[in-house]
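Dumped input.pdb below, it's PDB, C-alpha atoms:
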```pdb
ATOM      1  CA  MET V   1       0.000   0.000   0.000  1.00  0.00           C
ATOM      2  CA  PRO V   2       1.499   3.375  -0.985  1.00  0.00           C
ATOM      3  CA  LYS V   3       2.364   5.803   1.773  1.00  0.00           C
ATOM      4  CA  ILE V   4      -0.153   8.650   2.076  1.00  0.00           C
ATOM      5  CA  VAL V   5       1.617  12.001   2.152  1.00  0.00           C
ATOM      6  CA  ASN V   6      -0.018  15.016   3.747  1.00  0.00           C
ATOM      7  CA  HIS V   7       1.151  17.706   1.329  1.00  0.00           C
ATOM      8  CA  GLU V   8       0.092  20.635   3.507  1.00  0.00           C
ATOM      9  CA  GLU V   9       1.911  19.178   6.499  1.00  0.00           C
ATOM     10  CA  ARG V  10       5.078  18.590   4.466  1.00  0.00           C
ATOM     11  CA  ARG V  11       4.914  22.130   3.078  1.00  0.00           C
ATOM     12  CA  ASP V  12       4.530  23.499   6.627  1.00  0.00           C
ATOM     13  CA  GLU V  13       7.575  21.464   7.733  1.00  0.00           C
ATOM     14  CA  VAL V  14       9.676  23.030   4.967  1.00  0.00           C
ATOM     15  CA  VAL V  15       8.477  26.532   5.887  1.00  0.00           C
ATOM     16  CA  ALA V  16       9.238  25.869   9.567  1.00  0.00           C
ATOM     17  CA  ALA V  17      12.728  24.665   8.609  1.00  0.00           C
ATOM     18  CA  ALA V  18      13.336  27.832   6.589  1.00  0.00           C
ATOM     19  CA  ARG V  19      12.183  29.941   9.530  1.00  0.00           C
ATOM     20  CA  ARG V  20      14.544  28.137  11.924  1.00  0.00           C
ATOM     21  CA  ILE V  21      17.505  28.704   9.591  1.00  0.00           C
ATOM     22  CA  ILE V  22      16.694  32.382   9.091  1.00  0.00           C
ATOM     23  CA  LEU V  23      16.361  32.950  12.835  1.00  0.00           C
ATOM     24  CA  ARG V  24      19.483  30.962  13.685  1.00  0.00           C
ATOM     25  CA  ASP V  25      21.844  31.804  10.816  1.00  0.00           C
ATOM     26  CA  GLY V  26      20.313  34.681   8.829  1.00  0.00           C
ATOM     27  CA  ILE V  27      18.379  34.867   5.587  1.00  0.00           C
ATOM     28  CA  GLU V  28      21.439  34.364   3.361  1.00  0.00           C
ATOM     29  CA  ALA V  29      22.042  30.973   4.975  1.00  0.00           C
ATOM     30  CA  ALA V  30      18.573  29.800   3.924  1.00  0.00           C
ATOM     31  CA  THR V  31      19.645  28.019   0.740  1.00  0.00           C
ATOM     32  CA  THR V  32      17.424  25.318  -0.722  1.00  0.00           C
ATOM     33  CA  ARG V  33      20.049  22.726   0.248  1.00  0.00           C
ATOM     34  CA  ALA V  34      20.161  23.988   3.848  1.00  0.00           C
ATOM     35  CA  ILE V  35      16.354  24.145   4.071  1.00  0.00           C
ATOM     36  CA  ALA V  36      15.999  20.603   2.706  1.00  0.00           C
ATOM     37  CA  LYS V  37      18.602  19.289   5.163  1.00  0.00           C
ATOM     38  CA  GLU V  38      16.961  21.099   8.097  1.00  0.00           C
ATOM     39  CA  ALA V  39      13.558  19.680   7.135  1.00  0.00           C
ATOM     40  CA  GLY V  40      14.976  16.175   6.630  1.00  0.00           C
ATOM     41  CA  TYR V  41      14.095  16.004   2.930  1.00  0.00           C
ATOM     42  CA  SER V  42      15.975  15.889  -0.348  1.00  0.00           C
ATOM     43  CA  ASN V  43      16.245  18.957  -2.580  1.00  0.00           C
ATOM     44  CA  GLY V  44      13.936  17.200  -5.012  1.00  0.00           C
ATOM     45  CA  VAL V  45      11.129  17.053  -2.474  1.00  0.00           C
ATOM     46  CA  LEU V  46      11.184  20.846  -2.162  1.00  0.00           C
ATOM     47  CA  THR V  47      10.528  21.266  -5.882  1.00  0.00           C
ATOM     48  CA  HIS V  48       7.225  19.402  -5.500  1.00  0.00           C
ATOM     49  CA  TYR V  49       5.939  22.047  -3.097  1.00  0.00           C
ATOM     50  CA  PHE V  50       7.698  25.297  -4.002  1.00  0.00           C
ATOM     51  CA  ALA V  51       8.665  26.960  -7.272  1.00  0.00           C
ATOM     52  CA  ASP V  52      12.028  28.178  -5.954  1.00  0.00           C
ATOM     53  CA  LYS V  53      13.867  29.501  -2.919  1.00  0.00           C
ATOM     54  CA  ASP V  54      11.993  32.815  -2.982  1.00  0.00           C
ATOM     55  CA  ASP V  55       8.712  30.900  -2.871  1.00  0.00           C
ATOM     56  CA  ILE V  56       9.875  29.169   0.317  1.00  0.00           C
ATOM     57  CA  LEU V  57      11.065  32.450   1.832  1.00  0.00           C
ATOM     58  CA  LEU V  58       7.811  34.163   0.888  1.00  0.00           C
ATOM     59  CA  SER V  59       5.870  31.357   2.563  1.00  0.00           C
ATOM     60  CA  ALA V  60       8.022  31.710   5.697  1.00  0.00           C
ATOM     61  CA  LEU V  61       7.353  35.455   5.845  1.00  0.00           C
ATOM     62  CA  GLU V  62       3.606  35.013   5.345  1.00  0.00           C
ATOM     63  CA  SER V  63       3.543  32.265   7.974  1.00  0.00           C
ATOM     64  CA  SER V  64       5.240  34.569  10.464  1.00  0.00           C
ATOM     65  CA  HIS V  65       2.769  37.358   9.696  1.00  0.00           C
ATOM     66  CA  ARG V  66      -0.189  34.984  10.213  1.00  0.00           C
ATOM     67  CA  ARG V  67       1.159  33.932  13.610  1.00  0.00           C
ATOM     68  CA  ILE V  68       1.517  37.573  14.650  1.00  0.00           C
ATOM     69  CA  ALA V  69      -1.962  38.483  13.354  1.00  0.00           C
ATOM     70  CA  ASP V  70      -3.541  35.548  15.205  1.00  0.00           C
ATOM     71  CA  ARG V  71      -1.837  36.505  18.468  1.00  0.00           C
ATOM     72  CA  LEU V  72      -2.835  40.138  18.053  1.00  0.00           C
ATOM     73  CA  ALA V  73      -6.458  39.246  17.297  1.00  0.00           C
ATOM     74  CA  ARG V  74      -6.617  37.370  20.618  1.00  0.00           C
ATOM     75  CA  LYS V  75      -5.094  40.318  22.486  1.00  0.00           C
ATOM     76  CA  LEU V  76      -7.447  42.872  20.911  1.00  0.00           C
ATOM     77  CA  SER V  77     -10.616  40.952  21.661  1.00  0.00           C
ATOM     78  CA  GLY V  78     -12.966  43.359  23.461  1.00  0.00           C
ATOM     79  CA  LEU V  79     -10.564  46.324  23.262  1.00  0.00           C
ATOM     80  CA  GLY V  80     -10.879  49.559  21.340  1.00  0.00           C
ATOM     81  CA  GLY V  81      -9.394  53.027  20.985  1.00  0.00           C
ATOM     82  CA  LEU V  82      -6.236  53.903  22.867  1.00  0.00           C
ATOM     83  CA  GLU V  83      -6.185  50.646  24.840  1.00  0.00           C
ATOM     84  CA  ALA V  84      -6.214  48.587  21.636  1.00  0.00           C
ATOM     85  CA  LEU V  85      -3.621  50.881  20.030  1.00  0.00           C
ATOM     86  CA  ARG V  86      -1.332  50.338  23.002  1.00  0.00           C
ATOM     87  CA  GLU V  87      -1.611  46.548  22.554  1.00  0.00           C
ATOM     88  CA  VAL V  88      -0.889  46.806  18.818  1.00  0.00           C
ATOM     89  CA  LEU V  89       2.248  48.895  19.307  1.00  0.00           C
ATOM     90  CA  VAL V  90       3.597  46.917  22.250  1.00  0.00           C
ATOM     91  CA  ASP V  91       2.936  43.634  20.448  1.00  0.00           C
ATOM     92  CA  ASN V  92       5.008  44.836  17.484  1.00  0.00           C
ATOM     93  CA  VAL V  93       8.224  45.422  19.429  1.00  0.00           C
ATOM     94  CA  PRO V  94      10.665  42.754  20.718  1.00  0.00           C
ATOM     95  CA  LEU V  95       9.740  42.622  24.408  1.00  0.00           C
ATOM     96  CA  ASP V  96      10.224  38.862  24.759  1.00  0.00           C
ATOM     97  CA  GLU V  97      12.087  36.056  23.014  1.00  0.00           C
ATOM     98  CA  GLU V  98       9.226  35.198  20.638  1.00  0.00           C
ATOM     99  CA  ARG V  99       8.811  38.782  19.427  1.00  0.00           C
ATOM    100  CA  ALA V 100      12.578  39.260  19.243  1.00  0.00           C
ATOM    101  CA  MET V 101      12.748  36.279  16.866  1.00  0.00           C
ATOM    102  CA  GLU V 102       9.846  37.652  14.823  1.00  0.00           C
ATOM    103  CA  THR V 103      11.543  41.041  14.630  1.00  0.00           C
ATOM    104  CA  GLY V 104      14.817  39.445  13.555  1.00  0.00           C
ATOM    105  CA  LEU V 105      12.997  37.490  10.866  1.00  0.00           C
ATOM    106  CA  GLU V 106      11.214  40.614   9.625  1.00  0.00           C
ATOM    107  CA  ILE V 107      14.379  42.700   9.524  1.00  0.00           C
ATOM    108  CA  GLY V 108      16.170  39.905   7.708  1.00  0.00           C
ATOM    109  CA  PHE V 109      13.591  40.187   4.941  1.00  0.00           C
ATOM    110  CA  TRP V 110      13.837  43.967   4.541  1.00  0.00           C
ATOM    111  CA  GLY V 111      17.041  43.984   2.487  1.00  0.00           C
ATOM    112  CA  ARG V 112      16.005  41.005   0.385  1.00  0.00           C
ATOM    113  CA  SER V 113      12.631  42.620  -0.307  1.00  0.00           C
ATOM    114  CA  LEU V 114      14.350  45.464  -2.129  1.00  0.00           C
ATOM    115  CA  THR V 115      15.560  43.019  -4.794  1.00  0.00           C
ATOM    116  CA  SER V 116      12.549  40.676  -4.859  1.00  0.00           C
ATOM    117  CA  PRO V 117       9.306  42.149  -6.214  1.00  0.00           C
ATOM    118  CA  GLU V 118       7.252  39.311  -4.686  1.00  0.00           C
ATOM    119  CA  LEU V 119       8.709  39.786  -1.192  1.00  0.00           C
ATOM    120  CA  LEU V 120       8.391  43.568  -1.502  1.00  0.00           C
ATOM    121  CA  GLU V 121       4.726  43.206  -2.445  1.00  0.00           C
ATOM    122  CA  VAL V 122       4.067  41.095   0.656  1.00  0.00           C
ATOM    123  CA  GLN V 123       5.975  43.510   2.881  1.00  0.00           C
ATOM    124  CA  ARG V 124       4.033  46.477   1.515  1.00  0.00           C
ATOM    125  CA  ARG V 125       0.679  44.718   1.765  1.00  0.00           C
ATOM    126  CA  GLU V 126       1.280  43.619   5.354  1.00  0.00           C
ATOM    127  CA  ALA V 127       2.610  47.050   6.346  1.00  0.00           C
ATOM    128  CA  ALA V 128      -0.455  48.693   4.788  1.00  0.00           C
ATOM    129  CA  GLU V 129      -2.735  46.427   6.850  1.00  0.00           C
ATOM    130  CA  LEU V 130      -0.906  47.326  10.061  1.00  0.00           C
ATOM    131  CA  ARG V 131      -0.992  51.029   9.153  1.00  0.00           C
ATOM    132  CA  TYR V 132      -4.723  50.821   8.439  1.00  0.00           C
ATOM    133  CA  LEU V 133      -5.274  49.244  11.862  1.00  0.00           C
ATOM    134  CA  VAL V 134      -3.231  51.946  13.606  1.00  0.00           C
ATOM    135  CA  VAL V 135      -5.058  54.776  11.793  1.00  0.00           C
ATOM    136  CA  SER V 136      -8.443  53.167  12.572  1.00  0.00           C
ATOM    137  CA  LEU V 137      -7.583  52.871  16.258  1.00  0.00           C
ATOM    138  CA  LEU V 138      -6.342  56.472  16.323  1.00  0.00           C
ATOM    139  CA  GLN V 139      -9.639  57.603  14.782  1.00  0.00           C
ATOM    140  CA  SER V 140     -11.563  55.568  17.334  1.00  0.00           C
ATOM    141  CA  ALA V 141      -9.505  57.061  20.177  1.00  0.00           C
ATOM    142  CA  ALA V 142     -10.037  60.585  18.816  1.00  0.00           C
ATOM    143  CA  GLU V 143     -13.798  60.061  18.572  1.00  0.00           C
ATOM    144  CA  ALA V 144     -13.812  58.851  22.186  1.00  0.00           C
ATOM    145  CA  GLY V 145     -11.865  61.931  23.303  1.00  0.00           C
ATOM    146  CA  GLN V 146      -8.895  59.813  24.365  1.00  0.00           C
ATOM    147  CA  ILE V 147      -6.362  61.674  22.198  1.00  0.00           C
ATOM    148  CA  ARG V 148      -5.888  65.201  20.840  1.00  0.00           C
ATOM    149  CA  THR V 149      -7.130  65.887  17.354  1.00  0.00           C
ATOM    150  CA  ASP V 150      -4.951  68.882  16.504  1.00  0.00           C
ATOM    151  CA  GLU V 151      -2.541  66.733  14.443  1.00  0.00           C
ATOM    152  CA  ASP V 152      -3.227  64.799  11.260  1.00  0.00           C
ATOM    153  CA  LEU V 153      -3.845  61.186  12.314  1.00  0.00           C
ATOM    154  CA  ASP V 154      -2.055  59.830   9.229  1.00  0.00           C
ATOM    155  CA  ASP V 155       1.054  61.695  10.387  1.00  0.00           C
ATOM    156  CA  VAL V 156       0.630  60.340  13.903  1.00  0.00           C
ATOM    157  CA  ALA V 157       0.351  56.793  12.520  1.00  0.00           C
ATOM    158  CA  GLU V 158       3.551  57.218  10.482  1.00  0.00           C
ATOM    159  CA  ARG V 159       5.406  58.520  13.528  1.00  0.00           C
ATOM    160  CA  LEU V 160       4.197  55.641  15.727  1.00  0.00           C
ATOM    161  CA  LEU V 161       5.087  52.995  13.136  1.00  0.00           C
ATOM    162  CA  ALA V 162       8.502  54.554  12.524  1.00  0.00           C
ATOM    163  CA  LEU V 163       9.075  54.566  16.285  1.00  0.00           C
ATOM    164  CA  VAL V 164       8.129  50.882  16.488  1.00  0.00           C
ATOM    165  CA  ASP V 165      10.466  49.960  13.610  1.00  0.00           C
ATOM    166  CA  GLY V 166      13.351  52.114  14.828  1.00  0.00           C
ATOM    167  CA  LEU V 167      13.178  51.026  18.446  1.00  0.00           C
ATOM    168  CA  SER V 168      12.811  47.389  17.385  1.00  0.00           C
ATOM    169  CA  VAL V 169      16.027  47.568  15.361  1.00  0.00           C
ATOM    170  CA  HIS V 170      17.794  49.365  18.213  1.00  0.00           C
ATOM    171  CA  ARG V 171      16.613  46.749  20.714  1.00  0.00           C
ATOM    172  CA  LEU V 172      18.172  43.980  18.620  1.00  0.00           C
ATOM    173  CA  LEU V 173      21.375  45.890  17.872  1.00  0.00           C
ATOM    174  CA  TYR V 174      21.914  47.602  21.235  1.00  0.00           C
ATOM    175  CA  PRO V 175      20.174  45.479  23.880  1.00  0.00           C
ATOM    176  CA  ALA V 176      22.248  46.896  26.735  1.00  0.00           C
ATOM    177  CA  ARG V 177      21.124  50.428  25.850  1.00  0.00           C
ATOM    178  CA  ILE V 178      17.536  49.683  24.797  1.00  0.00           C
ATOM    179  CA  THR V 179      16.324  47.286  27.448  1.00  0.00           C
ATOM    180  CA  GLU V 180      12.853  45.743  27.300  1.00  0.00           C
ATOM    181  CA  GLU V 181      11.733  48.103  30.074  1.00  0.00           C
ATOM    182  CA  ARG V 182      13.091  51.174  28.320  1.00  0.00           C
ATOM    183  CA  LEU V 183      11.583  50.120  25.000  1.00  0.00           C
ATOM    184  CA  GLU V 184       8.123  49.718  26.494  1.00  0.00           C
ATOM    185  CA  ARG V 185       8.480  52.997  28.427  1.00  0.00           C
ATOM    186  CA  LEU V 186       9.362  54.909  25.225  1.00  0.00           C
ATOM    187  CA  ILE V 187       6.381  53.458  23.337  1.00  0.00           C
ATOM    188  CA  LEU V 188       3.971  54.256  26.177  1.00  0.00           C
ATOM    189  CA  ALA V 189       5.413  57.771  26.593  1.00  0.00           C
ATOM    190  CA  GLU V 190       4.670  58.477  22.938  1.00  0.00           C
ATOM    191  CA  LEU V 191       1.083  57.374  23.468  1.00  0.00           C
ATOM    192  CA  ASP V 192       0.830  59.588  26.569  1.00  0.00           C
ATOM    193  CA  ARG V 193       1.835  62.583  24.437  1.00  0.00           C
ATOM    194  CA  LEU V 194      -1.285  62.017  22.349  1.00  0.00           C
ATOM    195  CA  ARG V 195      -3.625  62.412  25.320  1.00  0.00           C
ATOM    196  CA  PRO V 196      -5.545  65.683  25.689  1.00  0.00           C
ATOM    197  CA  GLN V 197      -3.871  68.316  27.870  1.00  0.00           C
ATOM    198  CA  GLN V 198      -5.361  68.452  31.356  1.00  0.00           C
ATOM    199  CA  ARG V 199      -6.598  71.948  32.178  1.00  0.00           C
TER
END
```
Using structure tokens, write down the structure that the file contains.
Amino acid sequence: MPKIVNHEERRDEVVAAARRIILRDGIEAATTRAIAKEAGYSNGVLTHYFADKDDILLSALESSHRRIADRLARKLSGLGGLEALREVLVDNVPLDEERAMETGLEIGFWGRSLTSPELLEVQRREAAELRYLVVSLLQSAAEAGQIRTDEDLDDVAERLLALVDGLSVHRLLYPARITEERLERLILAELDRLRPQQR
């Protein structure tokens, strides 16, 4: 009797292997040979499930984004406005080992995305979704009187997202200077600046 192969499971194993290599050794180390070896398959098996190396890397990036989105959806359940915005921003910075690995994976893709139209498209699409969420939560917070409305909310969203990206990179590069506590404090201080002035 022929062995029944679960194609989705095998594909997920290859994507997980690529993710492990990227996190451990960097994106340049994620060759098809290395991914196949890590997954315990031959190079030929990979060609049954993926068009090429970029297809595997793209799948790894999308898989990471799905994990983050699922976690965030659980955290945002029942929240709105400024409270939800706080969760979104704090969840997108490396405050624990899991998020530090996710951040490292994401940053590893940034340079490669500039030379891969498919990866760049995914990066831009995912960033646009996050930006839309941030702007929506800012609008909700403004309508509830939780933040000032004297500044364009699109500009505020850009500043918050740039702060998240910049501090995330600094946390990975300079962990002694940007501790987890300091990182969270800086994010929360920026949110506090948005609150209406007390008279």
Sort by chain and increasing residue number a table of all residues of segment 60-103 of chain V within 12 Å of segment 110-129 of chain V, each with its closest pair of atoms and their distance in Å to one decimal, counting all atoms listed in the file, and write it as a tab-separated table.
```
residue	atom	partner	partner_atom	distance
V:Ala60	CA	V:Leu119	CA	10.6
V:Leu61	CA	V:Val122	CA	8.3
V:Glu62	CA	V:Val122	CA	7.7
V:Ser63	CA	V:Val122	CA	11.5
V:Ser64	CA	V:Glu126	CA	11.1
V:His65	CA	V:Glu126	CA	7.8
V:Arg66	CA	V:Glu126	CA	10.0
V:Ile68	CA	V:Glu126	CA	11.1
V:Ala69	CA	V:Glu126	CA	10.0
V:Asn92	CA	V:Ala127	CA	11.6
V:Thr103	CA	V:Trp110	CA	10.8
```
Rounded to one decimal place, report the atom CA of Glu8 of chain V-atom CA of Glu98 of chain V distance in Å.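 Here the two named atoms are 24.3 Å from each other.
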Any chance you could work out the residue set of the PyMOL selection byres ((chain V and resi 151-154) around 12) here, as a PyMOL selection string? chain V and resi 131-143+147-150+155-161+193-196
Specify as a PyMOL selection string each residue included when the PyMOL selection byres ((chain V and resi 75) around 12) is applied to this file. chain V and resi 68-74+76-80+83-91
Using all atoms listed in the file - which residues lie no farther than 12 Å from the point (9.2, 41.8, 26.4) in the file's frame? Write them as an mmCIF file with C-alpha atoms, in the frame of the given file.
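Everything below was put into part.cif:
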```
data_model
loop_
_atom_site.group_PDB
_atom_site.id
_atom_site.type_symbol
_atom_site.label_atom_id
_atom_site.label_comp_id
_atom_site.auth_asym_id
_atom_site.auth_seq_id
_atom_site.Cartn_x
_atom_site.Cartn_y
_atom_site.Cartn_z
ATOM 1 C CA VAL V 90 3.597 46.917 22.250
ATOM 2 C CA ASP V 91 2.936 43.634 20.448
ATOM 3 C CA ASN V 92 5.008 44.836 17.484
ATOM 4 C CA VAL V 93 8.224 45.422 19.429
ATOM 5 C CA PRO V 94 10.665 42.754 20.718
ATOM 6 C CA LEU V 95 9.740 42.622 24.408
ATOM 7 C CA ASP V 96 10.224 38.862 24.759
ATOM 8 C CA GLU V 97 12.087 36.056 23.014
ATOM 9 C CA GLU V 98 9.226 35.198 20.638
ATOM 10 C CA ARG V 99 8.811 38.782 19.427
ATOM 11 C CA ALA V 100 12.578 39.260 19.243
ATOM 12 C CA MET V 101 12.748 36.279 16.866
ATOM 13 C CA SER V 168 12.811 47.389 17.385
ATOM 14 C CA ARG V 171 16.613 46.749 20.714
ATOM 15 C CA PRO V 175 20.174 45.479 23.880
ATOM 16 C CA ILE V 178 17.536 49.683 24.797
ATOM 17 C CA THR V 179 16.324 47.286 27.448
ATOM 18 C CA GLU V 180 12.853 45.743 27.300
ATOM 19 C CA GLU V 181 11.733 48.103 30.074
ATOM 20 C CA ARG V 182 13.091 51.174 28.320
ATOM 21 C CA LEU V 183 11.583 50.120 25.000
ATOM 22 C CA GLU V 184 8.123 49.718 26.494
ATOM 23 C CA ARG V 185 8.480 52.997 28.427
#
```
Quick one: distance from atom CA of Tyr49 of chain V to atom CA of Ile21 of chain V in Å, one decimal?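 For atom CA of Tyr49 of chain V relative to atom CA of Ile21 of chain V, the distance reads 18.4 Å.
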Centre and edges of the segment 191-195 of chain V box, axis-aligned, 6 Å extra per side, as JSON:
```
{"center_x": -0.9, "center_y": 60.0, "center_z": 24.5, "size_x": 17.5, "size_y": 17.2, "size_z": 16.2}
```
Residue by residue, what does the PyMOL selection byres ((chain V and resi 38) around 12) grab here? Present the result as an NGL selection string. :V and (13-22 or 24 or 29-37 or 39-43 or 46)
For the atom pair atom CA of Ile27 of chain V and atom CA of Gly108 of chain V, what is the interatomic distance in Å to one decimal place?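 Atom-to-atom, atom CA of Ile27 of chain V and atom CA of Gly108 of chain V are spaced 5.9 Å apart.
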Determine the nearest neighbour of Val169 of chain V from the options V:Leu188, V:Val45, V:Ile107, V:Ala144, counting only C-alpha atoms. V:Ile107
Nearest-residue call for Gln197 of chain V, choices V:Ser59, V:Gly145, V:Gly44, V:Ala51, using all atoms listed in the file: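 Looking at the shortest contact to Gln197 of chain V, the residue is V:Gly145.
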Just checking: using only C-alpha atoms, which residue out of V:Ile187, V:Arg67, V:Leu163, V:Phe50 ends up closest to Glu102 of chain V?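 Going through V:Ile187, V:Arg67, V:Leu163, V:Phe50 one by one, the smallest distance to Glu102 of chain V is for V:Arg67.
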